[in-house]
Structure formats: structure tokens, C-alpha cells
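Colleague: Can you keep this structure in mind? I'll have questions shortly.
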Amino acid sequence: MGLLNALFGKSTNNVADYIEKGAVILDVRTHSEYQGGHIKNALHIPVQELGNRLNEVKKLNKPVIAYCASGMRSGSAASLLKSKGVDAINGGGIGSLKRKLG
């Protein structure tokens, strides 16, 4: 896990701190994955669309916790958002993020 954490950011990276800051939870999975179940009130922007929809996220003016199925796509999404000036972390896979959120 050390290499994955180095590449994609630790999924335990202050989720509680981000929630306290009023973070938006961003689901970057596909439309069919999202339809199959998601975290309540999550904003849904598939990772493939994120580059073209950055302004939607920036307009929120809030930190972001990205999640997907395993943590790989959300790691990419968090990196992209950070590179564009958005305070974002990788929340990891949906199952682990649900556990962290209680």
C-alpha cells in the first residue's frame, strides 16, 4: 500500500477534517456505477468528464473528497483538482469512505 499511497494519496487523508470544512463529496465513477448506489448527496462527475467540468467544481468554492470504486480514479481526480487549485483529497473506494463517514 505504500506505493499506492505515494502515487494516489492516502485515502485516510483527513476525511474527518475535510467534512468539518464543509467538503463536497465527489463521485467520479461511471453513470452506471453511480446508478447502482452512491453516497447520499454526492456530486456525480465521472472522472472522464472532470477536465471539461472543472468550473462546476470550482464554483462550489469548497474542498472536495473524491471517491470511486477502488481509489484509483479518485486519486487521479484529486490530483487533477489539486493541479487546478481546488483543495481536494482522495477519499478512496466507496466502501472505505462510507465507513469513514460513519
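The way I read the labels, and the way they are meant: chains A, B, ... in the order of the C-alpha cells, residue 1 as the first residue of every chain, and ligand 1 as the first ligand shown, with later ones counted on from there.
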To test your reading of the structure, identify every residue in chain A that backbone DSSP assigns to strand (DSSP E), and report it as a PyMOL selection string.

Modeller: chain A and resi 24-27+43-44+64-68+88-93

Colleague: When you look at Asp27 of chain A with a cut-off of 10 Å (counting only C-alpha atoms), what residues show up, excluding the ones that are within fewer than 5 positions of it in the same chain? I need them as a list in words.

Modeller: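 Neighbouring residues, sequence-local ones excluded: Glu33, Tyr34, His38, Ile39, Asn41, Ala42, Leu43, His44, Ile45, Pro46, Val47, Ile65, Ala66, Tyr67, Cys68, Ala69, Arg73, Ser74, Ala77, Gly91, Gly93 and Ile94 of chain A.
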
Colleague: Next, the residues of the selection above should be written as a CSV table (one decimal), in the first residue's frame with N, CA, C and O atoms.

Modeller:
chain,number,residue,atom,x,y,z
A,33,GLU,N,-22.3,2.9,-12.5
A,33,GLU,CA,-21.8,2.6,-11.2
A,33,GLU,C,-22.6,3.5,-10.2
A,33,GLU,O,-23.1,3.0,-9.1
A,34,TYR,N,-22.8,4.8,-10.5
A,34,TYR,CA,-23.5,5.7,-9.7
A,34,TYR,C,-24.9,5.3,-9.5
A,34,TYR,O,-25.4,5.3,-8.4
A,38,HIS,N,-24.7,5.0,-4.4
A,38,HIS,CA,-23.7,6.1,-4.1
A,38,HIS,C,-23.9,6.6,-2.7
A,38,HIS,O,-24.9,6.3,-2.1
A,39,ILE,N,-23.0,7.5,-2.3
A,39,ILE,CA,-23.0,8.1,-1.1
A,39,ILE,C,-24.0,9.3,-1.2
A,39,ILE,O,-24.0,10.0,-2.1
A,41,ASN,N,-26.1,12.5,-1.3
A,41,ASN,CA,-25.8,13.9,-1.6
A,41,ASN,C,-24.4,14.1,-2.3
A,41,ASN,O,-23.9,15.2,-2.4
A,42,ALA,N,-23.8,13.0,-2.8
A,42,ALA,CA,-22.6,13.1,-3.6
A,42,ALA,C,-22.8,13.8,-4.9
A,42,ALA,O,-23.8,13.5,-5.6
A,43,LEU,N,-21.9,14.6,-5.3
A,43,LEU,CA,-21.9,15.2,-6.6
A,43,LEU,C,-21.3,14.2,-7.6
A,43,LEU,O,-20.3,13.6,-7.2
A,44,HIS,N,-22.0,14.0,-8.7
A,44,HIS,CA,-21.5,12.9,-9.6
A,44,HIS,C,-20.9,13.6,-10.9
A,44,HIS,O,-21.7,14.2,-11.7
A,45,ILE,N,-19.6,13.4,-11.0
A,45,ILE,CA,-18.9,13.8,-12.3
A,45,ILE,C,-18.0,12.7,-12.6
A,45,ILE,O,-16.9,12.6,-11.9
A,46,PRO,N,-18.2,11.9,-13.6
A,46,PRO,CA,-17.3,10.8,-13.9
A,46,PRO,C,-15.9,11.4,-14.2
A,46,PRO,O,-15.8,12.5,-14.8
A,47,VAL,N,-14.9,10.6,-13.8
A,47,VAL,CA,-13.5,11.1,-14.0
A,47,VAL,C,-13.2,11.5,-15.4
A,47,VAL,O,-12.5,12.5,-15.7
A,65,ILE,N,-13.8,15.8,-1.5
A,65,ILE,CA,-13.4,14.5,-1.2
A,65,ILE,C,-13.8,13.6,-2.4
A,65,ILE,O,-15.0,13.4,-2.6
A,66,ALA,N,-12.9,13.1,-3.2
A,66,ALA,CA,-13.3,12.3,-4.4
A,66,ALA,C,-13.3,10.9,-4.0
A,66,ALA,O,-12.4,10.4,-3.2
A,67,TYR,N,-14.2,10.1,-4.6
A,67,TYR,CA,-14.2,8.6,-4.4
A,67,TYR,C,-14.6,7.9,-5.7
A,67,TYR,O,-15.2,8.5,-6.5
A,68,CYS,N,-14.2,6.7,-5.7
A,68,CYS,CA,-14.6,5.8,-6.9
A,68,CYS,C,-14.9,4.4,-6.3
A,68,CYS,O,-15.4,4.3,-5.2
A,69,ALA,N,-14.5,3.4,-7.1
A,69,ALA,CA,-14.8,2.0,-6.6
A,69,ALA,C,-13.6,1.5,-5.8
A,69,ALA,O,-13.8,0.9,-4.7
A,73,ARG,N,-9.2,5.9,-9.6
A,73,ARG,CA,-9.8,7.0,-10.3
A,73,ARG,C,-9.9,8.2,-9.5
A,73,ARG,O,-9.7,9.4,-9.9
A,74,SER,N,-10.3,8.0,-8.2
A,74,SER,CA,-10.4,9.2,-7.3
A,74,SER,C,-9.1,9.8,-7.0
A,74,SER,O,-9.0,11.0,-6.8
A,77,ALA,N,-8.5,11.9,-10.0
A,77,ALA,CA,-9.4,13.1,-9.9
A,77,ALA,C,-8.8,14.1,-8.9
A,77,ALA,O,-8.8,15.3,-9.2
A,91,GLY,N,-10.6,10.2,-1.4
A,91,GLY,CA,-11.4,9.5,-0.3
A,91,GLY,C,-11.3,8.0,-0.4
A,91,GLY,O,-11.8,7.3,0.4
A,93,GLY,N,-12.0,4.2,-2.1
A,93,GLY,CA,-13.1,3.5,-2.6
A,93,GLY,C,-14.4,3.8,-1.8
A,93,GLY,O,-14.3,4.2,-0.7
A,94,ILE,N,-15.5,3.5,-2.5
A,94,ILE,CA,-16.8,3.9,-1.9
A,94,ILE,C,-17.0,3.2,-0.5
A,94,ILE,O,-17.5,3.8,0.4

Colleague: Can you list every residue in segment 22-79 of chain A that DSSP puts in helix (DSSP H, G or I), as a ChimeraX atom specification?

Modeller: /A:31-35,47-60,72-79

Colleague: At a cut-off of 12 Å, using only C-alpha atoms, what residues contact Gly102 of chain A? Leave out same-chain residues fewer than 4 positions from it and give the result as a list of chain:residue names.

Modeller: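 Once the nearby chain positions are removed, what remains is A:Val15, A:Ala16, A:Ile19, A:Ile39, A:Gly95, A:Ser96, A:Leu97, A:Lys98.
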
Colleague: Using only C-alpha atoms, which protein or nucleic acid residues come within 10 Å of Tyr18 of chain A? Drop anything in the same chain fewer than 6 positions from it, and give the result as a list in words.

Modeller: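 The contact residues come out as Val24, Ile25, Lys62, Pro63, Val64, Ile65, Asp87, Ala88 and Ile89 of chain A.
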
Colleague: Work out how far apart atom CA of Leu54 of chain A and atom CA of Gly36 of chain A are and give it in Å to one decimal.

Modeller: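 Straight-line distance from atom CA of Leu54 of chain A to atom CA of Gly36 of chain A works out to 24.4 Å.
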
Colleague: Check the smallest atom-to-atom distance from each of A:Ser83, A:Asn61, A:Gln48, A:Gln35 to Gly22 of chain A using only C-alpha atoms, then report the winner.

Modeller: A:Asn61

Colleague: Measure the distance from atom CA of Ser32 of chain A to atom CA of Gly85 of chain A in Å and round it to one decimal.

Modeller: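 Computed distance, atom CA of Ser32 of chain A to atom CA of Gly85 of chain A, equals 29.1 Å.
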
Colleague: May I ask for the distance between atom CA of Gly75 of chain A and atom CA of Asn90 of chain A, given in Å to one decimal place?

Modeller: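 One can read the atom CA of Gly75 of chain A to atom CA of Asn90 of chain A distance as 5.1 Å.
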
Colleague: Can you list, as a list in words, every protein, DNA or RNA residue that comes within 10 Å of Lys84 of chain A when you count only C-alpha atoms, leaving out same-chain residues fewer than 4 positions away?

Modeller: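 Neighbouring residues, sequence-local ones excluded: Gly51, Leu54, Lys58, Ala78, Ser79 and Leu80 of chain A.
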